[in-house]
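Novice: Contents are CSV, C-alpha atoms and all ligand atoms; file name start22.csv:
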chain,number,residue,atom,x,y,z
A,1214,MET,CA,-0.5,4.7,13.7
A,1215,PRO,CA,-0.7,1.1,15.0
A,1216,SER,CA,1.3,-1.1,12.8
A,1217,HIS,CA,3.2,-4.4,12.5
A,1218,LYS,CA,6.2,-4.7,10.3
A,1219,ILE,CA,8.0,-7.6,8.7
A,1220,GLN,CA,11.4,-6.9,7.2
A,1221,PHE,CA,12.5,-9.4,4.6
A,1222,ILE,CA,15.8,-9.7,2.8
A,1223,LEU,CA,15.4,-11.7,-0.3
A,1224,LYS,CA,18.0,-14.1,-1.5
A,1225,ASN,CA,19.1,-11.7,-4.2
A,1226,ASN,CA,19.8,-9.2,-1.5
A,1227,ARG,CA,16.9,-6.9,-2.4
A,1228,GLN,CA,15.3,-5.9,0.7
A,1229,SER,CA,11.5,-5.7,1.1
A,1230,GLU,CA,9.5,-4.4,4.0
A,1231,ILE,CA,5.9,-5.3,4.6
A,1232,HIS,CA,3.9,-3.0,6.8
A,1233,PHE,CA,0.5,-3.9,8.2
A,1234,LEU,CA,-1.6,-0.9,9.2
A,1235,GLU,CA,-4.9,-0.5,10.8
A,1236,GLY,CA,-7.0,2.6,10.7
A,1237,GLU,CA,-8.9,4.9,8.4
A,1238,VAL,CA,-7.7,4.9,4.8
A,1239,HIS,CA,-7.6,8.7,4.3
A,1240,PHE,CA,-5.7,9.3,7.5
A,1241,LEU,CA,-3.1,6.5,6.9
A,1242,MET,CA,-2.6,7.5,3.3
A,1243,SER,CA,-2.0,11.1,4.1
A,1244,GLN,CA,0.5,10.2,6.9
A,1245,LEU,CA,2.4,7.7,4.6
A,1246,LEU,CA,2.5,10.0,1.6
A,1247,HIS,CA,3.7,12.8,3.7
A,1248,GLN,CA,6.6,10.7,5.0
A,1249,MET,CA,7.9,9.7,1.6
A,1250,VAL,CA,11.3,11.0,1.0
A,1251,GLY,CA,12.4,11.7,-2.6
A,1252,ARG,CA,10.8,12.3,-5.9
A,1253,TYR,CA,8.0,10.0,-6.8
A,1254,PHE,CA,5.0,9.4,-9.2
A,1255,VAL,CA,1.8,7.6,-8.5
A,1256,ILE,CA,-0.3,5.0,-10.4
A,1257,ILE,CA,-3.8,4.4,-9.0
A,1258,ASP,CA,-6.7,2.2,-9.9
A,1259,GLU,CA,-9.5,4.2,-11.4
A,1260,LYS,CA,-12.1,2.3,-9.2
A,1261,LEU,CA,-10.4,3.7,-6.1
A,1262,THR,CA,-10.6,7.3,-7.3
A,1263,LYS,CA,-14.4,6.8,-7.3
A,1264,VAL,CA,-14.6,5.1,-3.9
A,1265,PHE,CA,-12.1,7.5,-2.3
A,1266,PRO,CA,-12.3,10.7,-4.3
A,1267,CYS,CA,-10.3,12.3,-1.5
A,1268,LEU,CA,-7.3,10.1,-2.3
A,1269,ILE,CA,-6.6,12.1,-5.5
A,1270,ASP,CA,-6.7,15.3,-3.5
A,1271,LEU,CA,-4.1,13.9,-1.1
A,1272,ILE,CA,-1.6,13.1,-3.9
A,1273,GLN,CA,0.4,16.1,-4.8
A,1274,VAL,CA,2.6,14.5,-7.5
A,1275,PRO,CA,1.9,13.5,-11.1
A,1276,THR,CA,-0.6,10.7,-11.1
A,1277,LEU,CA,-1.6,8.1,-13.7
A,1278,VAL,CA,-5.1,6.7,-13.3
A,1279,LEU,CA,-5.5,3.2,-14.9
A,1280,SER,CA,-8.0,0.5,-15.0
A,1281,GLY,CA,-6.9,-2.4,-12.8
A,1282,THR,CA,-8.6,-5.2,-14.7
A,1283,GLU,CA,-6.9,-8.4,-16.1
A,1284,SER,CA,-7.0,-6.9,-19.6
A,1285,SER,CA,-4.9,-4.0,-18.4
A,1286,LYS,CA,-2.0,-6.4,-17.9
A,1287,SER,CA,-0.8,-5.7,-21.4
A,1288,LEU,CA,2.2,-4.3,-23.3
A,1289,GLU,CA,0.0,-1.3,-24.2
A,1290,THR,CA,-0.4,-0.4,-20.5
A,1291,VAL,CA,3.3,-0.8,-20.0
A,1292,GLU,CA,3.9,1.6,-22.8
A,1293,LYS,CA,1.4,4.1,-21.2
A,1294,ILE,CA,3.3,3.9,-17.9
A,1295,ILE,CA,6.7,4.3,-19.6
A,1296,HIS,CA,5.3,7.3,-21.5
A,1297,PHE,CA,4.0,8.8,-18.2
A,1298,LEU,CA,7.3,8.3,-16.5
A,1299,HIS,CA,9.2,9.8,-19.4
A,1300,GLU,CA,6.9,12.8,-19.7
A,1301,ASN,CA,7.5,13.6,-16.1
A,1302,GLN,CA,11.2,13.2,-16.4
A,1303,CYS,CA,11.4,10.3,-14.0
A,1304,ARG,CA,15.0,9.6,-13.1
A,1305,ARG,CA,16.5,6.3,-12.0
A,1306,ALA,CA,16.7,7.4,-8.4
A,1307,ASP,CA,13.0,8.4,-8.4
A,1308,PHE,CA,10.3,5.9,-7.4
A,1309,LEU,CA,6.8,4.8,-8.2
A,1310,ILE,CA,3.9,4.3,-5.9
A,1311,VAL,CA,1.2,1.9,-7.0
A,1312,ILE,CA,-2.2,1.9,-5.3
A,1313,GLY,CA,-4.6,-0.8,-6.4
A,1314,GLY,CA,-5.2,-4.5,-6.8
A,1315,GLY,CA,-3.1,-7.4,-8.0
A,1316,CYS,CA,-3.4,-6.7,-11.8
A,1317,LEU,CA,-2.4,-3.0,-11.4
A,1318,GLY,CA,0.5,-4.2,-9.2
A,1319,ASP,CA,1.6,-6.7,-11.8
A,1320,VAL,CA,1.7,-4.4,-14.7
A,1321,SER,CA,3.1,-1.3,-12.9
A,1322,GLY,CA,5.7,-3.4,-11.1
A,1323,PHE,CA,6.7,-4.9,-14.5
A,1324,ALA,CA,7.0,-1.4,-16.0
A,1325,ALA,CA,9.1,-0.4,-12.9
A,1326,SER,CA,11.4,-3.4,-13.5
A,1327,ILE,CA,12.3,-2.4,-17.1
A,1328,TYR,CA,12.2,1.4,-17.0
A,1329,LYS,CA,15.8,2.6,-17.1
A,1330,ARG,CA,16.7,-1.0,-16.2
A,1331,GLY,CA,14.7,-0.9,-13.0
A,1332,ILE,CA,13.4,1.8,-10.6
A,1333,THR,CA,12.2,1.3,-7.1
A,1334,TRP,CA,8.5,0.9,-6.4
A,1335,HIS,CA,6.2,0.8,-3.4
A,1336,PHE,CA,2.9,-1.0,-3.4
A,1337,PHE,CA,-0.4,-0.3,-1.5
A,1338,PRO,CA,-2.4,-3.5,-2.3
A,1339,THR,CA,-6.1,-2.7,-1.9
A,1340,THR,CA,-7.8,-6.1,-2.6
A,1341,LEU,CA,-7.6,-9.2,-0.4
A,1342,ILE,CA,-6.0,-11.3,-3.2
A,1343,ALA,CA,-3.3,-8.6,-3.6
A,1344,GLN,CA,-2.7,-8.3,0.1
A,1345,VAL,CA,-2.3,-12.0,0.8
A,1346,ASP,CA,-0.7,-13.1,-2.5
A,1347,SER,CA,0.4,-11.0,-5.4
A,1348,SER,CA,2.0,-8.2,-3.4
A,1349,ILE,CA,4.4,-10.7,-1.7
A,1350,GLY,CA,7.3,-12.3,-3.5
A,1351,GLY,CA,8.2,-10.0,-6.2
A,1352,LYS,CA,6.7,-11.6,-9.3
A,1353,VAL,CA,5.5,-9.0,-11.8
A,1354,ALA,CA,4.1,-9.8,-15.2
A,1355,ILE,CA,1.8,-9.0,-18.1
A,1356,ASN,CA,-0.3,-11.2,-20.3
A,1357,THR,CA,0.2,-11.8,-24.0
A,1358,PRO,CA,-2.3,-13.2,-26.6
A,1359,TYR,CA,-0.5,-16.5,-26.0
A,1360,GLY,CA,-1.3,-16.8,-22.3
A,1361,LYS,CA,-1.2,-15.4,-18.8
A,1362,ASN,CA,1.9,-13.8,-17.3
A,1363,GLN,CA,4.1,-14.8,-20.3
A,1364,ILE,CA,6.3,-11.7,-19.9
A,1365,GLY,CA,7.6,-10.8,-16.5
A,1366,ALA,CA,10.3,-10.3,-13.9
A,1367,PHE,CA,11.2,-10.8,-10.2
A,1368,TRP,CA,11.0,-7.2,-9.0
A,1369,PRO,CA,9.6,-6.9,-5.5
A,1370,ALA,CA,8.2,-3.6,-4.2
A,1371,ARG,CA,10.6,-2.1,-1.7
A,1372,HIS,CA,7.8,-1.4,0.7
A,1373,VAL,CA,4.4,-3.0,0.8
A,1374,TYR,CA,1.8,-1.1,2.8
A,1375,ILE,CA,-1.1,-3.3,3.8
A,1376,ILE,CA,-4.0,-1.2,5.0
A,1377,ASN,CA,-6.8,-3.4,6.2
A,1378,THR,CA,-9.6,-0.9,5.8
A,1379,PHE,CA,-9.2,-0.9,2.0
A,1380,LEU,CA,-10.8,-4.3,2.2
A,1381,GLN,CA,-14.1,-2.7,3.4
A,1382,THR,CA,-14.6,-1.3,0.0
A,1383,LEU,CA,-14.5,-4.7,-1.8
A,1384,ASP,CA,-17.7,-6.2,-3.1
A,1385,VAL,CA,-18.5,-9.7,-1.7
A,1386,GLN,CA,-17.4,-11.5,-4.9
A,1387,ASN,CA,-14.0,-9.8,-5.0
A,1388,TYR,CA,-13.6,-10.4,-1.2
A,1389,ASN,CA,-14.4,-14.1,-1.5
A,1390,ALA,CA,-12.1,-14.5,-4.5
A,1391,GLY,CA,-9.2,-13.6,-2.2
A,1392,PHE,CA,-10.0,-16.7,-0.1
A,1393,ALA,CA,-9.2,-19.0,-3.0
A,1394,GLU,CA,-5.5,-18.0,-2.7
A,1395,ILE,CA,-5.7,-18.2,1.1
A,1396,ILE,CA,-7.1,-21.8,0.8
A,1397,LYS,CA,-4.3,-22.6,-1.7
A,1398,LEU,CA,-1.7,-21.4,0.7
A,1399,ALA,CA,-3.2,-23.2,3.6
A,1400,LEU,CA,-3.2,-26.5,1.7
A,1401,LEU,CA,0.5,-26.0,0.8
A,1402,VAL,CA,1.8,-25.0,4.2
A,1403,GLY,CA,-0.5,-27.0,6.3
A,1404,GLY,CA,0.0,-26.4,10.1
A,1405,ASP,CA,-1.8,-23.5,11.8
A,1406,LEU,CA,-3.0,-21.8,8.7
A,1407,LEU,CA,-4.9,-24.9,7.6
A,1408,LYS,CA,-6.4,-25.3,11.0
A,1409,VAL,CA,-7.5,-21.7,11.1
A,1410,ILE,CA,-9.1,-21.8,7.7
A,1411,GLN,CA,-11.0,-25.0,8.5
A,1412,ALA,CA,-12.2,-23.8,11.9
A,1413,ASP,CA,-15.8,-22.6,12.3
A,1414,GLU,CA,-14.7,-19.3,13.7
A,1415,MET,CA,-12.3,-17.3,11.6
A,1416,PRO,CA,-9.9,-14.8,13.1
A,1417,ALA,CA,-10.2,-11.1,12.2
A,1418,ILE,CA,-9.2,-10.6,8.6
A,1419,SER,CA,-6.2,-8.4,9.6
A,1420,LYS,CA,-4.8,-11.3,11.6
A,1421,LEU,CA,-5.5,-13.8,8.8
A,1422,VAL,CA,-3.7,-11.5,6.3
A,1423,ILE,CA,-0.6,-11.5,8.5
A,1424,LEU,CA,-0.7,-15.3,8.8
A,1425,CYS,CA,-0.9,-15.6,5.0
A,1426,VAL,CA,1.9,-13.2,4.4
A,1427,GLU,CA,4.2,-15.0,6.9
A,1428,ALA,CA,3.3,-18.3,5.3
A,1429,LYS,CA,4.0,-17.1,1.8
A,1430,LEU,CA,7.3,-15.5,2.8
A,1431,LYS,CA,8.4,-18.8,4.3
A,1432,VAL,CA,7.7,-20.6,0.9
A,1433,ILE,CA,9.5,-18.0,-1.2
A,1434,ASP,CA,12.5,-17.6,1.1
A,1435,GLU,CA,13.5,-21.2,0.3
A,1436,ASP,CA,13.3,-20.5,-3.4
A,1437,TRP,CA,13.5,-16.9,-4.5
A,1438,ILE,CA,13.5,-17.3,-8.2
A,1439,GLU,CA,11.2,-20.4,-8.6
A,1440,ASP,CA,13.7,-23.1,-9.4
A,1441,VAL,CA,12.5,-25.9,-11.5
A,1442,ASP,CA,12.5,-28.2,-8.4
A,1443,GLY,CA,12.1,-25.5,-5.8
A,1444,THR,CA,9.4,-25.0,-3.1
A,1445,ARG,CA,7.9,-21.9,-4.8
A,1446,ILE,CA,6.5,-24.0,-7.6
A,1447,GLY,CA,3.9,-25.2,-5.1
A,1448,LEU,CA,2.3,-21.7,-5.2
A,1449,ASN,CA,1.2,-22.7,-8.7
A,1450,PHE,CA,-1.3,-25.2,-7.2
A,1451,GLY,CA,-4.6,-24.7,-9.0
A,1452,HIS,CA,-3.1,-22.3,-11.5
A,1453,THR,CA,-2.4,-24.6,-14.5
A,1454,ILE,CA,-6.1,-25.5,-14.9
A,1455,GLY,CA,-7.1,-22.2,-13.3
A,1456,HIS,CA,-5.3,-20.0,-15.8
A,1457,ALA,CA,-6.8,-21.9,-18.7
A,1458,ILE,CA,-10.3,-21.6,-17.2
A,1459,GLU,CA,-9.7,-17.9,-16.7
A,1460,LYS,CA,-8.8,-17.4,-20.3
A,1461,ILE,CA,-11.9,-19.3,-21.6
A,1462,SER,CA,-14.3,-17.7,-19.1
A,1463,PRO,CA,-13.1,-14.1,-18.7
A,1464,ASN,CA,-16.1,-13.3,-16.5
A,1465,LEU,CA,-14.6,-15.3,-13.7
A,1466,LEU,CA,-12.3,-13.6,-11.2
A,1467,HIS,CA,-8.7,-14.9,-10.9
A,1468,GLY,CA,-9.5,-16.4,-7.4
A,1469,GLU,CA,-12.7,-18.1,-8.7
A,1470,ALA,CA,-10.7,-19.7,-11.6
A,1471,VAL,CA,-8.1,-20.8,-9.1
A,1472,ALA,CA,-10.8,-22.4,-6.9
A,1473,LEU,CA,-12.0,-24.5,-9.9
A,1474,GLY,CA,-8.3,-25.2,-10.8
A,1475,MET,CA,-7.5,-26.6,-7.4
A,1476,LYS,CA,-10.6,-28.8,-7.5
A,1477,VAL,CA,-9.8,-30.2,-10.9
A,1478,GLU,CA,-6.1,-30.7,-10.1
A,1479,LEU,CA,-6.8,-32.6,-6.9
A,1480,TYR,CA,-9.3,-34.7,-8.8
A,1481,LEU,CA,-6.6,-35.4,-11.5
A,1482,ALA,CA,-4.1,-36.3,-8.8
A,1483,LYS,CA,-6.6,-38.7,-7.3
A,1484,CYS,CA,-7.1,-40.3,-10.7
A,1485,MET,CA,-3.3,-40.8,-10.8
A,1486,GLY,CA,-3.4,-42.5,-7.5
A,1487,LYS,CA,-1.8,-39.8,-5.4
A,1488,LEU,CA,-2.7,-39.3,-1.8
A,1489,THR,CA,-3.7,-35.7,-1.5
A,1490,PHE,CA,-6.2,-33.4,0.2
A,1491,CYS,CA,-9.7,-34.8,-0.1
A,1492,VAL,CA,-11.7,-33.3,-3.0
A,1493,GLN,CA,-14.9,-33.3,-0.9
A,1494,ASN,CA,-13.2,-31.4,1.9
A,1495,LEU,CA,-11.9,-28.8,-0.6
A,1496,ASP,CA,-15.5,-28.5,-1.8
A,1497,LYS,CA,-16.6,-27.7,1.7
A,1498,LEU,CA,-13.9,-25.1,2.2
A,1499,LEU,CA,-14.6,-23.4,-1.2
A,1500,GLY,CA,-18.3,-23.5,-0.4
A,1501,LYS,CA,-17.7,-21.6,2.8
A,1502,PHE,CA,-16.7,-18.6,0.7
A,1503,ASN,CA,-19.2,-19.1,-2.1
A,1504,LEU,CA,-16.4,-20.1,-4.5
A,1505,PRO,CA,-17.3,-22.1,-7.6
A,1506,THR,CA,-16.6,-25.9,-7.6
A,1507,ALA,CA,-18.5,-27.2,-10.7
A,1508,PHE,CA,-15.9,-27.3,-13.5
A,1509,GLN,CA,-18.5,-28.5,-16.0
A,1510,HIS,CA,-20.4,-25.2,-15.7
A,1511,TYR,CA,-17.5,-23.3,-17.1
A,1512,ILE,CA,-15.8,-25.6,-19.7
A,1513,SER,CA,-17.7,-27.8,-22.1
A,1514,GLU,CA,-16.2,-30.6,-24.3
A,1515,GLU,CA,-16.8,-28.3,-27.3
A,1516,GLN,CA,-14.3,-25.8,-25.8
A,1517,TRP,CA,-11.6,-28.5,-25.4
A,1518,PRO,CA,-9.6,-27.5,-28.5
A,1519,SER,CA,-9.0,-23.9,-27.2
A,1520,PHE,CA,-8.8,-25.1,-23.5
A,1521,SER,CA,-6.1,-27.7,-24.4
A,1522,THR,CA,-4.1,-25.2,-26.6
A,1523,ILE,CA,-3.9,-22.8,-23.6
A,1524,LEU,CA,-2.8,-25.7,-21.3
A,1525,THR,CA,0.1,-26.5,-23.8
A,1526,GLN,CA,1.4,-23.0,-23.4
A,1527,ASP,CA,1.8,-23.2,-19.6
A,1528,LYS,CA,5.2,-22.1,-18.4
A,1529,LYS,CA,5.6,-25.1,-16.1
A,1530,ASN,CA,5.4,-27.7,-19.0
A,1531,GLU,CA,8.8,-29.5,-19.5
A,1532,THR,CA,7.6,-31.9,-22.2
A,1533,ASP,CA,4.5,-32.3,-24.3
A,1534,ASN,CA,2.6,-33.3,-21.2
A,1535,ILE,CA,0.8,-30.8,-19.0
A,1536,CYS,CA,2.5,-30.1,-15.7
A,1537,PHE,CA,0.5,-29.2,-12.6
A,1538,VAL,CA,1.5,-29.1,-8.9
A,1539,ILE,CA,-0.3,-30.6,-5.9
A,1540,PRO,CA,0.2,-30.8,-2.2
A,1541,LEU,CA,0.8,-34.4,-1.1
A,1542,LEU,CA,-1.0,-35.3,2.1
A,1543,ASP,CA,1.2,-36.5,4.9
A,1544,LYS,CA,0.1,-39.2,7.2
A,1545,ALA,CA,0.1,-36.7,10.0
A,1546,LYS,CA,-2.9,-34.6,9.0
A,1547,TYR,CA,-1.5,-31.2,9.9
A,1548,ALA,CA,2.1,-31.8,9.0
A,1549,SER,CA,3.9,-28.6,8.0
A,1550,PRO,CA,5.4,-28.0,5.5
A,1551,VAL,CA,3.4,-30.2,3.2
A,1552,GLN,CA,5.2,-32.1,0.5
A,1553,ILE,CA,4.8,-30.7,-3.0
A,1554,LYS,CA,4.6,-33.0,-6.1
A,1555,LYS,CA,4.8,-32.0,-9.7
A,1556,LEU,CA,2.6,-34.2,-11.9
A,1557,HIS,CA,2.7,-34.6,-15.7
A,1558,LEU,CA,-0.4,-35.7,-17.6
A,1559,SER,CA,-0.9,-36.2,-21.4
A,1560,LEU,CA,-3.7,-34.2,-23.0
A,1561,THR,CA,-5.4,-37.4,-24.0
A,1562,GLN,CA,-5.5,-38.7,-20.4
A,1563,LEU,CA,-6.6,-35.2,-19.2
A,1564,LYS,CA,-9.5,-35.1,-21.6
A,1565,LYS,CA,-10.6,-38.6,-20.6
A,1566,ASN,CA,-10.5,-37.7,-16.9
A,1567,LEU,CA,-12.3,-34.4,-17.3
A,1568,PHE,CA,-15.1,-35.4,-19.8
A,1569,TYR,CA,-15.5,-39.2,-19.8
A,1570,ASP,CA,-14.8,-40.3,-16.3
A,1571,LYS,CA,-17.3,-39.4,-13.6
A,1572,PHE,CA,-15.8,-36.1,-12.5
A,1573,ASN,CA,-16.8,-35.1,-9.0
B,1601,ZN,ZN,-3.0,-16.7,-8.3
Could you write out this file's structure as structure tokens?
Ligand SMILES: [Zn+2]
Specialist:
Amino acid sequence: MPSHKIQFILKNNRQSEIHFLEGEVHFLMSQLLHQMVGRYFVIIDEKLTKVFPCLIDLIQVPTLVLSGTESSKSLETVEKIIHFLHENQCRRADFLIVIGGGCLGDVSGFAASIYKRGITWHFFPTTLIAQVDSSIGGKVAINTPYGKNQIGAFWPARHVYIINTFLQTLDVQNYNAGFAEIIKLALLVGGDLLKVIQADEMPAISKLVILCVEAKLKVIDEDWIEDVDGTRIGLNFGHTIGHAIEKISPNLLHGEAVALGMKVELYLAKCMGKLTFCVQNLDKLLGKFNLPTAFQHYISEEQWPSFSTILTQDKKNETDNICFVIPLLDKAKYASPVQIKKLHLSLTQLKKNLFYDKFN
């Protein structure tokens, strides 16, 4: 099978390998599952069992079918997974295979991180957002009623198998949502990725995914556990506001909320006098992938009390002020890496900027 492989040794000495594979899903999956050595169990997104009913026939080991939605990132799902592993007498040396999108990877990876103090897991990310973002870097987490990703760990999949043909099964909305994280990464790392994403002609998606994974690996290699002042914090660009929007408007996909979050955060940075990526240029980029840009359509002033409460619970806050992260624009337009700046804004100022100034 044609493939490209990146071997990556994380700073905590846990080794991760990322494999990029091109070819038919059924063929590749049967080859890969056949090659697995040892005892393992599978967790698969129920959506995939409908799109690829043959996948279930391929898997000859105990399998747990779960919903891969944001609401499945819960303690209840973790309990289900732990029960499934226990029922099947999973030992510490056994491993878990997870086939699905970012949410399923997050919750299953988290369960793997705590079951018997941690078992190995391998991930087959099947959505664009999972292939370019959540499968890389080892962050696994679940949500609580108090906010997104409030309980989690750094527990990378030992092998990540990125099969490009899984993307053909995505609907346009889910596919486009993946581009929000690609745009975020491009604005953070600058250089070639930013040029590529701004160009009229885009490379093949399989090439773009490899570029993104390489860029993200560079960012996290500098800062494996997200130090308070490390480089990895930059990956939170768009996510302070994005997570709060996502909680208030659950119909938005994560990528769509991040698109709005980037727009608002760049605007706030501009209000604070910071030289950053031009808001209008971001609009153009987001528009290319039909991503939302009008914050006012999703959050009204009446929703401010719940919106601001969510913002105060963000993990990045160091004081009562709200912390968000933006890429600072260098004088050289395509400088790489771009400098990252943490900004702190009071809730009063934030409300004024969002609802009383002329937000554009
Ligand atoms: Zn994200």
Novice: Which residue, A:Thr1444, A:Gln1411, A:Ser1513, A:Ser1462, has the smallest gap to Gly1500 in chain A when you use all atoms listed in the file?
Specialist: A:Gln1411
Novice: Return as JSON lines the residues of chain A lying at most 10 Å from ligand ZN 1601 (chain B), together with the closest atom-to-atom pair for each and the distance in Å to one decimal, counting all atoms listed in the file, with rows in chain order and ascending residue number.
Specialist:
{"residue": "A:Gly1315", "atom": "CA", "partner": "B:ZN1601", "partner_atom": "ZN", "distance": 9.3}
{"residue": "A:Ile1342", "atom": "CA", "partner": "B:ZN1601", "partner_atom": "ZN", "distance": 8.0}
{"residue": "A:Ala1343", "atom": "CA", "partner": "B:ZN1601", "partner_atom": "ZN", "distance": 9.4}
{"residue": "A:Asp1346", "atom": "CA", "partner": "B:ZN1601", "partner_atom": "ZN", "distance": 7.2}
{"residue": "A:Ser1347", "atom": "CA", "partner": "B:ZN1601", "partner_atom": "ZN", "distance": 7.2}
{"residue": "A:Gly1391", "atom": "CA", "partner": "B:ZN1601", "partner_atom": "ZN", "distance": 9.2}
{"residue": "A:Ala1393", "atom": "CA", "partner": "B:ZN1601", "partner_atom": "ZN", "distance": 8.5}
{"residue": "A:Glu1394", "atom": "CA", "partner": "B:ZN1601", "partner_atom": "ZN", "distance": 6.3}
{"residue": "A:Ile1395", "atom": "CA", "partner": "B:ZN1601", "partner_atom": "ZN", "distance": 9.9}
{"residue": "A:Lys1397", "atom": "CA", "partner": "B:ZN1601", "partner_atom": "ZN", "distance": 8.9}
{"residue": "A:Leu1448", "atom": "CA", "partner": "B:ZN1601", "partner_atom": "ZN", "distance": 7.9}
{"residue": "A:Asn1449", "atom": "CA", "partner": "B:ZN1601", "partner_atom": "ZN", "distance": 7.3}
{"residue": "A:Phe1450", "atom": "CA", "partner": "B:ZN1601", "partner_atom": "ZN", "distance": 8.7}
{"residue": "A:Gly1451", "atom": "CA", "partner": "B:ZN1601", "partner_atom": "ZN", "distance": 8.2}
{"residue": "A:His1452", "atom": "CA", "partner": "B:ZN1601", "partner_atom": "ZN", "distance": 6.5}
{"residue": "A:Gly1455", "atom": "CA", "partner": "B:ZN1601", "partner_atom": "ZN", "distance": 8.5}
{"residue": "A:His1456", "atom": "CA", "partner": "B:ZN1601", "partner_atom": "ZN", "distance": 8.5}
{"residue": "A:His1467", "atom": "CA", "partner": "B:ZN1601", "partner_atom": "ZN", "distance": 6.5}
{"residue": "A:Gly1468", "atom": "CA", "partner": "B:ZN1601", "partner_atom": "ZN", "distance": 6.6}
{"residue": "A:Glu1469", "atom": "CA", "partner": "B:ZN1601", "partner_atom": "ZN", "distance": 9.8}
{"residue": "A:Ala1470", "atom": "CA", "partner": "B:ZN1601", "partner_atom": "ZN", "distance": 8.9}
{"residue": "A:Val1471", "atom": "CA", "partner": "B:ZN1601", "partner_atom": "ZN", "distance": 6.6}
{"residue": "A:Ala1472", "atom": "CA", "partner": "B:ZN1601", "partner_atom": "ZN", "distance": 9.8}
Novice: Residues at most 12 Å from His1510 in chain A, counting all atoms listed in the file, excluding those fewer than 4 positions away in the same chain, as an mmCIF file with C-alpha atoms, in the coordinates of the input?
Specialist:
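Result file follows (out_3.cif):
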data_model
loop_
_atom_site.group_PDB
_atom_site.id
_atom_site.type_symbol
_atom_site.label_atom_id
_atom_site.label_comp_id
_atom_site.auth_asym_id
_atom_site.auth_seq_id
_atom_site.Cartn_x
_atom_site.Cartn_y
_atom_site.Cartn_z
ATOM 1 C CA ILE A 1458 -10.300 -21.600 -17.200
ATOM 2 C CA ILE A 1461 -11.900 -19.300 -21.600
ATOM 3 C CA SER A 1462 -14.300 -17.700 -19.100
ATOM 4 C CA LEU A 1465 -14.600 -15.300 -13.700
ATOM 5 C CA ALA A 1470 -10.700 -19.700 -11.600
ATOM 6 C CA LEU A 1473 -12.000 -24.500 -9.900
ATOM 7 C CA PRO A 1505 -17.300 -22.100 -7.600
ATOM 8 C CA THR A 1506 -16.600 -25.900 -7.600
ATOM 9 C CA GLU A 1514 -16.200 -30.600 -24.300
ATOM 10 C CA GLN A 1516 -14.300 -25.800 -25.800
#
Novice: Between A:His1217, A:Lys1529, A:His1372, A:Lys1501, which residue has the minimum interatomic distance to Lys1420 in chain A, considering only C-alpha atoms?
Specialist: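 The shortest atom-to-atom distance to Lys1420 in chain A comes from A:His1217.
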Novice: Write out as a tab-separated table (two decimals) with C-alpha atoms, in the frame of the given file the residues lying within 12 Å of Glu1230 in chain A, counting all atoms listed in the file and excluding same-chain residues fewer than 3 positions away.
Specialist:
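Writing done, so here's selection-v4.tsv:
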chain	number	residue	atom	x	y	z
A	1217	HIS	CA	3.20	-4.40	12.50
A	1218	LYS	CA	6.20	-4.70	10.30
A	1219	ILE	CA	8.00	-7.60	8.70
A	1220	GLN	CA	11.40	-6.90	7.20
A	1221	PHE	CA	12.50	-9.40	4.60
A	1222	ILE	CA	15.80	-9.70	2.80
A	1223	LEU	CA	15.40	-11.70	-0.30
A	1227	ARG	CA	16.90	-6.90	-2.40
A	1233	PHE	CA	0.50	-3.90	8.20
A	1334	TRP	CA	8.50	0.90	-6.40
A	1335	HIS	CA	6.20	0.80	-3.40
A	1336	PHE	CA	2.90	-1.00	-3.40
A	1348	SER	CA	2.00	-8.20	-3.40
A	1349	ILE	CA	4.40	-10.70	-1.70
A	1350	GLY	CA	7.30	-12.30	-3.50
A	1351	GLY	CA	8.20	-10.00	-6.20
A	1369	PRO	CA	9.60	-6.90	-5.50
A	1370	ALA	CA	8.20	-3.60	-4.20
A	1371	ARG	CA	10.60	-2.10	-1.70
A	1372	HIS	CA	7.80	-1.40	0.70
A	1373	VAL	CA	4.40	-3.00	0.80
A	1374	TYR	CA	1.80	-1.10	2.80
A	1375	ILE	CA	-1.10	-3.30	3.80
A	1426	VAL	CA	1.90	-13.20	4.40
A	1430	LEU	CA	7.30	-15.50	2.80
Novice: For each of A:Asp1258, A:Glu1515, A:Asp1270, A:Glu1531, take the minimum atom-to-atom distance to Ile1310 in chain A, counting all atoms listed in the file, then give the residue where this is smallest.
Specialist: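 That would be A:Asp1258, the residue with the smallest distance to Ile1310 in chain A.
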Novice: What is the distance between CA of Ser1519 in chain A and CA of Pro1463 in chain A, in Å to one decimal?
Specialist: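 Between these atoms lies a distance of 13.6 Å.
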Novice: Just checking: using only C-alpha atoms, which residue out of A:Leu1424, A:Leu1563, A:Val1385, A:Ile1512 ends up closest to Tyr1480 in chain A?
Specialist: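 For Tyr1480 in chain A, the nearest of the given residues is A:Leu1563.
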Novice: What does the structure give for the distance between CA of Gly1313 in chain A and CA of Leu1279 in chain A, in Å to one decimal?
Specialist: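 Between CA of Gly1313 in chain A and CA of Leu1279 in chain A the gap is 9.4 Å.
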Novice: So that I can see what lies close to Cys1491 in chain A, please list as number ranges by chain the residues with an atom at most 12 Å from it, counting only C-alpha atoms and leaving out residues fewer than 6 positions away in the same chain.
Specialist: A: 1400, 1475-1483, 1497-1498, 1539-1542, 1546, 1573
Novice: Determine the nearest neighbour of Gly1314 in chain A from the options A:Gln1526, A:Thr1561, A:Asn1377, A:Ser1280, counting all atoms listed in the file.
Specialist: A:Ser1280
Novice: Report as a PyMOL selection string all protein, DNA and RNA residues lying within 10 Å of Ala1428 in chain A, evaluated on only C-alpha atoms, omitting residues in the same chain fewer than 2 positions from it.
Specialist: chain A and resi 1345+1395+1398-1399+1401-1406+1422-1426+1430-1433+1550
Novice: List as a ChimeraX atom specification: which residues have an atom within 9 Å of (-8.2, 6.8, -11.0), counting all atoms listed in the file?
Specialist: /A:1256-1263,1266,1269,1276-1280
